[in-house]
Amino acid sequence: MAKKDKKKVSDNSCGCSIDDLMNYEAVSYSNTDHDRLCGARDSDMEFFIDPDPEKISQEFYQRRLTDGLPIIPPTRERVDSFLKYSQHHPDDVIAVLPPKMGQATPEKIAINAVMAGCLPSFQPVLEQSIKAISHEKFNLTGVNATTHPVSISIIINGALTRQLGLNTGVGCLGPGNIANATIGRAIRLCLINIAGAIPGVGDHATHGSPAKYSFCFAENEEENPWESLHVERGYNPDDSTVTVMAAEAPHNVNDHRSQTAEELLDTVIHTATTAGCNNSHVPGELLIIMGPEHAQTINRDGWSKKDVQRYIHQNSHLPVVLGDRGGRKLDEKMIINGNIPITRSPQDVILVVAGGPGRHTMISHGFGSGSESITLKINTKPE
Amino acid sequence: MKVKLTEREVLNPLGEVQDNKLDLNPLPYDFDKVSLVDNTKPGANIILKVLSKSLGNREFLCVKKPAGAPATEEQIKKAASSDVAILALGDCGSCTSWVVLDAIRMEEEGTPTISICSDYFAPFARNLAESHGLKCLRILEIKHPIAGLESDEVEEKALKIVQNLLYLLQIP
Amino acid sequence: MKHWTERIASDLTNWNVDKHVVASGTSISGSIHIGNSCDVFIANAVGKSLKKLGEDAKTIWIADDHDPLRKVPYPLPESYEKYLGVPYSQIPCPEGCCDNFVEHFEKPFLETLPTFGIELETYSGFKMYHDGVYNDYIRKSLERTPRIREIFNQYREHPLKADWLPYNPICSECGRVNTTTAYDYQGDTVFYRCQCGHEGEMDIKSGEGKLTWRVEWAARWKIFGVTCEPFGKDHAASGGSYDVSKVISHEIFDYQAPYPVPYEWITLKGDAMSKSKGVFFTPGQWLEIGAPETLNYFLFRSKPLKHKDFDPGMPFLDFIDQYDRVERIFYGTEEAASEKEKEKLKKIYEVSQINPADSSAFQASYRFLTVARQITDDPEKIFRILERNSQLPEDMEGTEYGSLPSDARERLNSRLVHVENWLETYAPGFVKFNVQETLPDVQINENQELFLSKVADMLETSDYNSQELHDEMYKILEKLGLKPQKAFQAIYKVVIGKKQGPRAASFLLSLDKDFVIKRFRREA
């Protein structure tokens, strides 16, 4: 499956034929170094060295092929090591990514993954993530082009979490873990280079966002009192999945005092139900990354995941006068008694448990009705 | 001994683009029915109103479509039932994308289109059209910004592009 | 589908007016040619369409004959330079045949208009000023000068002087109007200075002066109630005359500016028309070589802002062929390339007609007639030539010229006159030839002689149509091992004394058979 470098040196070094010797000009022994192995060749030995990362980073940066941080030079060798983990032929078109309509092949994905600093075993996750964001319902066209600072949140579930060493606990949203950091980064580089989402050219986010560097984590299934995201979505617990969601950078919900589920969820609700978020004028998905301690508190009260989702949906609304201020026109059908809900249904509440000790939860608004999250299974059997 | 050091090649991270070209429908010599496609962005309806007034005695069909997402099949078919369609407004990244992509869908149905985009996003609109095979998609530029302006300010900006529209449509 | 003149009329029906007035205007600075008479043709077509839609409409024409002479028009002598700056109405007729300069150039133009089916109410700027029609408008403009100056300045790089007035008297000393500057007024009297050194005063009621153009144009709109006006595209430039006059009309005279129809210039063989350089082509000249409907077609087949070029030479033949084709499509005797094209061409043809006819008129190919007419001027003989060359429609074959319906004969005859004029004035040299009455003194070789004699034999024994004759001649020359060029050269040499000529087969069929046979046998 891997391609090879073109051979530059003949296998029989200095098995020069008489013709070569006769044809080659240097066979006038007038000006030769006597310590040459063979005067008929321009070198006696050729060594291949890796290009300097700093130099290539600068070059790629000038060509607008990076996210601004240094990259690992994507040599043939490195890319091949990733392709060993791929389920597809290197030139298969997994997806065509807007706005540039570039073809995302395993090879191109691997090149960007090498640049991001990924490990070769991350290839299947990346391929499925790319496939997921190219799904029609995800609306990558809108997500890339918008002035809104939406980034791509990547959530991993299942056995793969342990296999790849993803961080589900303390610091899972960064920094510090190679899988969390580089998987998210690789997807962003794919968007820049394959989809053409270069700031100002194909990506028009007014401010951009720190979450556009990388926003990837895995669910803390051990400490999750309820079913995990992938099981909720119909997969087996042992399956590994990736869920992609168009989401803003996360915002903290700091609640050290609430004792009951209702009180705690009210804090979450009031944090989420703000003017100025996309959901306020085009209700859609809401990502809630609940800290394990918060999840415990709610579970202790006997609330199921569905109860939580229902409660949040029913109580997350704000006055229309604050809601209808966004770039898109509010659909009047969504207004109930002068209020606008920020989610369309309990299913819009994407509830995952992740994080370490501490009484915090993170919430992340989505892209409103402009995008739906997609979950895909990851097949990890290497070739 | 002479030793040669060769730096390993680095591969190209850029995705390849398939080169496909579609045919743009020519604008009609004369037309009776015009579709006014409004993506509900602030100012879009004002712009379409000003432009439609300048076209004289015609039959107008108003079609609404979403701003940040594709139009439904029904909306496309309705808009494509006229002799020519005018789409507004592309003044941000995602709505510009969807104005252009929906215009292309209407062209594929055989209806010539004119898309109104703010001058800031017009180059992006043209690149997007090109990467989808319709390099010459007709895009009329209006001065950015439109969002946040009063109705009469939007009207003034729209009046400034009436001449360009009439010239494009070869009216009279 | 509507033609664009009908589309304009349709849009005008939305306007809330009792009567539509479509205006056109021409500066009488020299010969009026097809470029600057576009106004009149367009205005007439729009007026007609309005009437067809049931609107009360009329078309008017205003002669700008009170404007100053800016360039001496061709072919007037240099001595006319002394009239530069003088209003056209005050300049004498260059040939002494008319009352003045204006009548001299207006008359030939106005005389052709009935032929084009154009009916206009005509007005003279000079007369309007002298009859006092503008008086109230002049008074109003003087009163509102500060605002008018402000409006003008919005569109100017360098602001007007503080004492500028929108009125220019004719200098009572030197007779010029573009050299005077009015700087003050009191009641109806305007005080002015002239570049010739004279200082004086002028009563606006005398008519010896005029409003500045952009104000005058706006005033005219209100005076006549103009609702639509075509004009050359230089007035249509952004910030140009129309834009300014529109504001003046609205603010000063409280009148809505008319529906504008700007049109692009017509060039003559690629050169801009210029009266001073003598580069122009008048409607009168057109009528010499083509039917009036064809000029209408030339102007209406494309939209007004599309640039048009006119070449009365060989391209004119292509043009008439195109017109004839459109006529055939209109009457259904030929198919168009598509349904859309058919609709469009039928509309254009319809709008170009002056007197609509019920059925297809007799079309004799203009191009073919350029050859036939050089052989003979007898219409009956020409009709026979057409027949021999399969140029007649099926239902006419076998008919005698004398028994043709009168409209067909008229059509043929008028086209013959056009062709004759075209041949005389615009045909390039290579198109013209003279059938030699007697055998010309030319050199041809044995093989060519043999070829001619074989063709003569062939013609003697049978009748052929042009395709058959062509094929037979080719057979003969191939058998003789003669190059086609040499063979046909021989024909032309002995018949017209030149090496080239019109297409051989149809040419020969157009000539008298006996004549050809004898000539080919070198007998006469």
# chains A, B, ... in the order shown; residues from 1 in each chain; ligands from 1
>>> closest_atom_pairs(of="chain B", to="chain C", cutoff="7 Å", atoms="only C-alpha atoms", output="CSV")
residue,atom,partner,partner_atom,distance
B:Asp30,CA,C:Met1,CA,5.9
B:Phe31,CA,C:Met1,CA,6.6
B:Gly56,CA,C:Asp11,CA,4.9
B:Asn57,CA,C:Asp11,CA,5.0
B:Pro172,CA,C:Trp4,CA,5.6
>>> write_last_selection(atoms="C-alpha atoms", output="mmCIF file, in the first residue's frame")
data_model
loop_
_atom_site.group_PDB
_atom_site.id
_atom_site.type_symbol
_atom_site.label_atom_id
_atom_site.label_comp_id
_atom_site.auth_asym_id
_atom_site.auth_seq_id
_atom_site.Cartn_x
_atom_site.Cartn_y
_atom_site.Cartn_z
ATOM 1 C CA ASP B 30 -37.224 39.541 -23.059
ATOM 2 C CA PHE B 31 -38.923 38.161 -19.959
ATOM 3 C CA GLY B 56 -41.185 47.794 -14.930
ATOM 4 C CA ASN B 57 -44.263 45.783 -15.804
ATOM 5 C CA PRO B 172 -34.370 48.176 -22.619
#
>>> select_by_dssp(residues="range 162-374 of chain C", states="strand (DSSP E)", output="PyMOL selection string")
chain C and resi 167-169+180-186+189-194+199-203+209-211+228-232+259-263+266-268+271-272+308-310
>>> closest_residue(among="A:Glu77, A:Asp35, A:Asp203, A:Asp301", to="Gly93 in chain B", atoms="only C-alpha atoms")
A:Asp203
>>> atom_distance(atom1="CA of Met314 in chain C", atom2="CA of Ala372 in chain C")
16.4 Å
>>> residues_around(residues="range 133-143 of chain B", least_positions_apart="3", cutoff="8 Å", atoms="only C-alpha atoms", output="JSON, numbers by chain")
{"B": [19, 20, 21, 22, 23, 24, 104, 113, 114, 115, 116, 117, 118, 119, 120, 122, 125, 126, 127, 129, 130, 146, 157, 158, 161, 164, 165]}
>>> write_last_selection(atoms="N, CA and C atoms", output="mmCIF file, in the first residue's frame")
data_model
loop_
_atom_site.group_PDB
_atom_site.id
_atom_site.type_symbol
_atom_site.label_atom_id
_atom_site.label_comp_id
_atom_site.auth_asym_id
_atom_site.auth_seq_id
_atom_site.Cartn_x
_atom_site.Cartn_y
_atom_site.Cartn_z
ATOM 1 N N ASP B 19 -11.886 19.147 -12.038
ATOM 2 C CA ASP B 19 -12.201 20.234 -12.933
ATOM 3 C C ASP B 19 -13.473 19.928 -13.705
ATOM 4 N N ASN B 20 -14.603 20.438 -13.234
ATOM 5 C CA ASN B 20 -15.816 20.214 -14.024
ATOM 6 C C ASN B 20 -16.461 21.551 -14.367
ATOM 7 N N LYS B 21 -17.008 21.636 -15.558
ATOM 8 C CA LYS B 21 -17.601 22.903 -15.948
ATOM 9 C C LYS B 21 -19.072 22.707 -16.298
ATOM 10 N N LEU B 22 -19.874 23.636 -15.817
ATOM 11 C CA LEU B 22 -21.289 23.589 -16.160
ATOM 12 C C LEU B 22 -21.598 24.723 -17.127
ATOM 13 N N ASP B 23 -22.755 24.631 -17.764
ATOM 14 C CA ASP B 23 -23.125 25.704 -18.687
ATOM 15 C C ASP B 23 -24.008 26.723 -18.005
ATOM 16 N N LEU B 24 -23.636 27.981 -18.169
ATOM 17 C CA LEU B 24 -24.461 29.044 -17.619
ATOM 18 C C LEU B 24 -25.605 29.312 -18.584
ATOM 19 N N ILE B 104 -26.663 28.088 -8.354
ATOM 20 C CA ILE B 104 -26.168 27.048 -9.251
ATOM 21 C C ILE B 104 -27.239 25.974 -9.447
ATOM 22 N N THR B 113 -29.755 33.123 -13.521
ATOM 23 C CA THR B 113 -29.839 33.763 -12.205
ATOM 24 C C THR B 113 -28.920 34.963 -12.110
ATOM 25 N N ILE B 114 -29.262 35.857 -11.175
ATOM 26 C CA ILE B 114 -28.372 36.961 -10.804
ATOM 27 C C ILE B 114 -28.333 36.973 -9.278
ATOM 28 N N SER B 115 -27.125 36.874 -8.682
ATOM 29 C CA SER B 115 -27.004 36.829 -7.221
ATOM 30 C C SER B 115 -26.459 38.145 -6.695
ATOM 31 N N ILE B 116 -27.091 38.672 -5.637
ATOM 32 C CA ILE B 116 -26.616 39.924 -5.060
ATOM 33 C C ILE B 116 -25.753 39.598 -3.838
ATOM 34 N N CYS B 117 -24.475 40.011 -3.872
ATOM 35 C CA CYS B 117 -23.580 39.771 -2.729
ATOM 36 C C CYS B 117 -22.880 41.069 -2.352
ATOM 37 N N SER B 118 -22.568 41.227 -1.061
ATOM 38 C CA SER B 118 -21.866 42.456 -0.682
ATOM 39 C C SER B 118 -20.450 42.388 -1.242
ATOM 40 N N ASP B 119 -19.863 43.570 -1.537
ATOM 41 C CA ASP B 119 -18.569 43.579 -2.236
ATOM 42 C C ASP B 119 -17.471 42.891 -1.444
ATOM 43 N N TYR B 120 -17.593 42.840 -0.128
ATOM 44 C CA TYR B 120 -16.577 42.141 0.647
ATOM 45 C C TYR B 120 -16.578 40.647 0.350
ATOM 46 N N ALA B 122 -17.976 39.203 -2.378
ATOM 47 C CA ALA B 122 -18.106 38.852 -3.801
ATOM 48 C C ALA B 122 -16.930 38.020 -4.322
ATOM 49 N N ALA B 125 -17.511 34.603 -3.280
ATOM 50 C CA ALA B 125 -18.638 34.046 -4.030
ATOM 51 C C ALA B 125 -18.171 33.553 -5.391
ATOM 52 N N ARG B 126 -17.344 34.345 -6.053
ATOM 53 C CA ARG B 126 -16.873 33.967 -7.395
ATOM 54 C C ARG B 126 -15.978 32.732 -7.327
ATOM 55 N N ASN B 127 -15.099 32.673 -6.305
ATOM 56 C CA ASN B 127 -14.242 31.497 -6.167
ATOM 57 C C ASN B 127 -15.068 30.251 -5.917
ATOM 58 N N ALA B 129 -18.169 29.754 -6.794
ATOM 59 C CA ALA B 129 -18.860 29.396 -8.033
ATOM 60 C C ALA B 129 -17.892 28.668 -8.961
ATOM 61 N N GLU B 130 -16.666 29.165 -9.027
ATOM 62 C CA GLU B 130 -15.691 28.541 -9.918
ATOM 63 C C GLU B 130 -15.384 27.121 -9.474
ATOM 64 N N ILE B 146 -24.477 45.716 4.981
ATOM 65 C CA ILE B 146 -25.919 45.952 4.870
ATOM 66 C C ILE B 146 -26.572 45.738 6.240
ATOM 67 N N LYS B 157 -28.316 52.228 -0.949
ATOM 68 C CA LYS B 157 -27.278 51.357 -1.516
ATOM 69 C C LYS B 157 -27.854 50.534 -2.665
ATOM 70 N N ALA B 158 -29.103 50.098 -2.503
ATOM 71 C CA ALA B 158 -29.724 49.282 -3.554
ATOM 72 C C ALA B 158 -29.955 50.108 -4.808
ATOM 73 N N ILE B 161 -27.190 50.255 -7.345
ATOM 74 C CA ILE B 161 -26.848 49.144 -8.238
ATOM 75 C C ILE B 161 -27.920 48.862 -9.291
ATOM 76 N N ASN B 164 -26.569 48.860 -12.812
ATOM 77 C CA ASN B 164 -25.819 47.651 -13.140
ATOM 78 C C ASN B 164 -26.754 46.501 -13.487
ATOM 79 N N LEU B 165 -27.859 46.416 -12.737
ATOM 80 C CA LEU B 165 -28.821 45.334 -13.009
ATOM 81 C C LEU B 165 -29.430 45.505 -14.392
#
>>> interface_residues(of="chain A", to="chain B", cutoff="6 Å", atoms="only C-alpha atoms", output="MDAnalysis selection string")
chainID A and resid 35:36 43:51 74:75 99:100 102:103 108 111:112 142 145:147 193:194 204 328:329 370
>>> atom_distance(atom1="CA of Thr161 in chain A", atom2="CA of Pro90 in chain A")
25.1 Å
>>> residues_around(residues="range 493-508 of chain C", least_positions_apart="2", cutoff="6 Å", atoms="only C-alpha atoms", output="PDB file with N, CA, C and O atoms, in the first residue's frame")
ATOM      1  N   ASN C 389     -32.216  30.545 -63.107  1.00  0.00           N
ATOM      2  CA  ASN C 389     -31.291  30.244 -62.015  1.00  0.00           C
ATOM      3  C   ASN C 389     -31.973  29.743 -60.766  1.00  0.00           C
ATOM      4  O   ASN C 389     -31.381  29.766 -59.685  1.00  0.00           O
ATOM      5  N   ASN C 434     -18.650  44.341 -67.202  1.00  0.00           N
ATOM      6  CA  ASN C 434     -19.394  44.764 -68.391  1.00  0.00           C
ATOM      7  C   ASN C 434     -19.401  43.641 -69.405  1.00  0.00           C
ATOM      8  O   ASN C 434     -18.326  43.163 -69.792  1.00  0.00           O
ATOM      9  N   VAL C 435     -20.600  43.223 -69.772  1.00  0.00           N
ATOM     10  CA  VAL C 435     -20.639  42.174 -70.807  1.00  0.00           C
ATOM     11  C   VAL C 435     -20.194  42.792 -72.129  1.00  0.00           C
ATOM     12  O   VAL C 435     -20.749  43.792 -72.573  1.00  0.00           O
ATOM     13  N   GLN C 436     -19.157  42.213 -72.679  1.00  0.00           N
ATOM     14  CA  GLN C 436     -18.610  42.791 -73.916  1.00  0.00           C
ATOM     15  C   GLN C 436     -19.509  42.462 -75.109  1.00  0.00           C
ATOM     16  O   GLN C 436     -19.807  41.321 -75.382  1.00  0.00           O
ATOM     17  N   SER C 466     -28.554  25.653 -62.644  1.00  0.00           N
ATOM     18  CA  SER C 466     -27.175  26.098 -62.341  1.00  0.00           C
ATOM     19  C   SER C 466     -26.342  24.981 -61.709  1.00  0.00           C
ATOM     20  O   SER C 466     -25.151  24.860 -62.003  1.00  0.00           O
ATOM     21  N   LEU C 469     -25.393  22.528 -64.552  1.00  0.00           N
ATOM     22  CA  LEU C 469     -24.411  23.135 -65.450  1.00  0.00           C
ATOM     23  C   LEU C 469     -23.032  23.135 -64.795  1.00  0.00           C
ATOM     24  O   LEU C 469     -22.028  22.808 -65.410  1.00  0.00           O
ATOM     25  N   HIS C 470     -23.026  23.472 -63.528  1.00  0.00           N
ATOM     26  CA  HIS C 470     -21.783  23.495 -62.756  1.00  0.00           C
ATOM     27  C   HIS C 470     -21.118  22.123 -62.792  1.00  0.00           C
ATOM     28  O   HIS C 470     -19.925  21.984 -63.067  1.00  0.00           O
ATOM     29  N   GLN C 489     -11.492  31.195 -65.888  1.00  0.00           N
ATOM     30  CA  GLN C 489     -10.852  32.427 -66.369  1.00  0.00           C
ATOM     31  C   GLN C 489     -11.177  32.635 -67.829  1.00  0.00           C
ATOM     32  O   GLN C 489     -11.436  33.753 -68.278  1.00  0.00           O
ATOM     33  N   ALA C 490     -11.140  31.522 -68.572  1.00  0.00           N
ATOM     34  CA  ALA C 490     -11.419  31.621 -70.012  1.00  0.00           C
ATOM     35  C   ALA C 490     -12.811  32.180 -70.246  1.00  0.00           C
ATOM     36  O   ALA C 490     -13.025  33.033 -71.119  1.00  0.00           O
ATOM     37  N   ILE C 491     -13.763  31.706 -69.442  1.00  0.00           N
ATOM     38  CA  ILE C 491     -15.143  32.177 -69.581  1.00  0.00           C
ATOM     39  C   ILE C 491     -15.199  33.685 -69.380  1.00  0.00           C
ATOM     40  O   ILE C 491     -15.741  34.431 -70.197  1.00  0.00           O
ATOM     41  N   SER C 510     -27.586  33.283 -66.827  1.00  0.00           N
ATOM     42  CA  SER C 510     -28.227  34.594 -66.844  1.00  0.00           C
ATOM     43  C   SER C 510     -28.094  35.268 -68.207  1.00  0.00           C
ATOM     44  O   SER C 510     -28.880  36.133 -68.555  1.00  0.00           O
ATOM     45  N   LEU C 511     -27.094  34.852 -68.930  1.00  0.00           N
ATOM     46  CA  LEU C 511     -26.888  35.492 -70.243  1.00  0.00           C
ATOM     47  C   LEU C 511     -27.759  34.824 -71.299  1.00  0.00           C
ATOM     48  O   LEU C 511     -28.259  33.722 -71.089  1.00  0.00           O
TER      49      LEU C 511
END
>>> residues_around(residues="range 177-187 of chain C", least_positions_apart="4", cutoff="12 Å", atoms="only C-alpha atoms", output="PyMOL selection string")
chain C and resi 66-70+83-90+135-136+138-143+145+160-173+191-205+207-213
>>> select_by_dssp(residues="range 44-130 of chain B", states="helix (DSSP H, G or I)", output="PyMOL selection string")
chain B and resi 44-53+73-79+93-108+122-130
>>> write_last_selection(atoms="N, CA and C atoms", output="compact mmCIF listing (two decimals), in the first residue's frame")
# COMPACT_ATOMS: atom_id res chain seq x y z
N ALA B 44 -32.30 42.06 2.80
CA ALA B 44 -32.50 41.34 1.53
C ALA B 44 -33.81 41.73 0.88
N ASN B 45 -34.88 41.81 1.68
CA ASN B 45 -36.18 42.12 1.09
C ASN B 45 -36.23 43.55 0.54
N ILE B 46 -35.53 44.48 1.21
CA ILE B 46 -35.51 45.86 0.73
C ILE B 46 -34.79 45.94 -0.61
N ILE B 47 -33.65 45.25 -0.70
CA ILE B 47 -32.89 45.26 -1.94
C ILE B 47 -33.72 44.70 -3.08
N LEU B 48 -34.40 43.57 -2.82
CA LEU B 48 -35.20 42.94 -3.88
C LEU B 48 -36.35 43.85 -4.29
N LYS B 49 -36.91 44.58 -3.32
CA LYS B 49 -38.02 45.48 -3.64
C LYS B 49 -37.54 46.59 -4.57
N VAL B 50 -36.43 47.22 -4.22
CA VAL B 50 -35.90 48.32 -5.04
C VAL B 50 -35.58 47.82 -6.45
N LEU B 51 -34.92 46.67 -6.55
CA LEU B 51 -34.54 46.15 -7.86
C LEU B 51 -35.76 45.78 -8.67
N SER B 52 -36.76 45.17 -8.04
CA SER B 52 -37.94 44.74 -8.81
C SER B 52 -38.69 45.95 -9.35
N LYS B 53 -38.69 47.05 -8.59
CA LYS B 53 -39.39 48.26 -9.04
C LYS B 53 -38.78 48.77 -10.34
N GLU B 73 -36.00 21.40 -2.15
CA GLU B 73 -36.28 21.09 -3.56
C GLU B 73 -37.45 21.91 -4.07
N GLU B 74 -38.46 22.00 -3.21
CA GLU B 74 -39.67 22.75 -3.58
C GLU B 74 -39.35 24.21 -3.86
N GLN B 75 -38.54 24.80 -2.98
CA GLN B 75 -38.22 26.22 -3.14
C GLN B 75 -37.43 26.43 -4.43
N ILE B 76 -36.53 25.50 -4.73
CA ILE B 76 -35.73 25.63 -5.95
C ILE B 76 -36.64 25.53 -7.17
N LYS B 77 -37.54 24.53 -7.14
CA LYS B 77 -38.41 24.34 -8.31
C LYS B 77 -39.30 25.55 -8.50
N LYS B 78 -39.79 26.11 -7.42
CA LYS B 78 -40.68 27.27 -7.52
C LYS B 78 -39.90 28.43 -8.15
N ALA B 79 -38.71 28.70 -7.61
CA ALA B 79 -37.92 29.82 -8.13
C ALA B 79 -37.52 29.59 -9.58
N GLY B 93 -20.29 34.84 5.41
CA GLY B 93 -19.74 33.65 4.78
C GLY B 93 -20.75 32.60 4.42
N SER B 94 -21.57 32.18 5.41
CA SER B 94 -22.45 31.05 5.09
C SER B 94 -23.60 31.45 4.20
N CYS B 95 -24.15 32.66 4.37
CA CYS B 95 -25.28 32.99 3.51
C CYS B 95 -24.81 33.22 2.08
N THR B 96 -23.59 33.77 1.91
CA THR B 96 -23.05 33.92 0.56
C THR B 96 -22.90 32.54 -0.08
N SER B 97 -22.35 31.59 0.69
CA SER B 97 -22.18 30.24 0.15
C SER B 97 -23.49 29.69 -0.34
N TRP B 98 -24.53 29.85 0.48
CA TRP B 98 -25.79 29.24 0.08
C TRP B 98 -26.53 30.01 -1.00
N VAL B 99 -26.30 31.30 -1.11
CA VAL B 99 -26.86 32.04 -2.25
C VAL B 99 -26.24 31.48 -3.53
N VAL B 100 -24.93 31.35 -3.52
CA VAL B 100 -24.22 30.87 -4.72
C VAL B 100 -24.63 29.44 -5.05
N LEU B 101 -24.63 28.56 -4.05
CA LEU B 101 -24.92 27.16 -4.34
C LEU B 101 -26.36 26.97 -4.78
N ASP B 102 -27.27 27.73 -4.20
CA ASP B 102 -28.66 27.62 -4.65
C ASP B 102 -28.83 28.23 -6.03
N ALA B 103 -28.11 29.30 -6.33
CA ALA B 103 -28.17 29.87 -7.69
C ALA B 103 -27.72 28.83 -8.69
N ILE B 104 -26.66 28.09 -8.35
CA ILE B 104 -26.17 27.05 -9.25
C ILE B 104 -27.24 25.97 -9.45
N ARG B 105 -27.94 25.62 -8.38
CA ARG B 105 -29.00 24.62 -8.53
C ARG B 105 -30.09 25.12 -9.47
N MET B 106 -30.41 26.40 -9.39
CA MET B 106 -31.43 26.94 -10.30
C MET B 106 -30.92 26.96 -11.73
N GLU B 107 -29.64 27.28 -11.91
CA GLU B 107 -29.08 27.26 -13.25
C GLU B 107 -29.16 25.85 -13.82
N GLU B 108 -28.93 24.86 -12.95
CA GLU B 108 -29.02 23.46 -13.41
C GLU B 108 -30.43 23.11 -13.82
N ALA B 122 -17.98 39.20 -2.38
CA ALA B 122 -18.11 38.85 -3.80
C ALA B 122 -16.93 38.02 -4.32
N PRO B 123 -15.66 38.34 -3.97
CA PRO B 123 -14.57 37.50 -4.48
C PRO B 123 -14.71 36.05 -4.00
N PHE B 124 -15.12 35.88 -2.74
CA PHE B 124 -15.33 34.53 -2.22
C PHE B 124 -16.44 33.84 -2.99
N ALA B 125 -17.51 34.60 -3.28
CA ALA B 125 -18.64 34.05 -4.03
C ALA B 125 -18.17 33.55 -5.39
N ARG B 126 -17.34 34.34 -6.05
CA ARG B 126 -16.87 33.97 -7.40
C ARG B 126 -15.98 32.73 -7.33
N ASN B 127 -15.10 32.67 -6.31
CA ASN B 127 -14.24 31.50 -6.17
C ASN B 127 -15.07 30.25 -5.92
N LEU B 128 -16.08 30.41 -5.08
CA LEU B 128 -16.94 29.27 -4.76
C LEU B 128 -17.66 28.81 -6.02
N ALA B 129 -18.17 29.75 -6.79
CA ALA B 129 -18.86 29.40 -8.03
C ALA B 129 -17.89 28.67 -8.96
N GLU B 130 -16.67 29.17 -9.03
CA GLU B 130 -15.69 28.54 -9.92
C GLU B 130 -15.38 27.12 -9.47
>>> residues_around(residues="range 122-125 of chain A", least_positions_apart="3", cutoff="9 Å", atoms="only C-alpha atoms", output="PyMOL selection string")
chain A and resi 82-87+106+109-110+113+118-119+128-130+156+160+164+179+183+241-242+378-380+382
>>> atom_distance(atom1="CA of Asn236 in chain A", atom2="CA of Gly302 in chain A")
24.3 Å
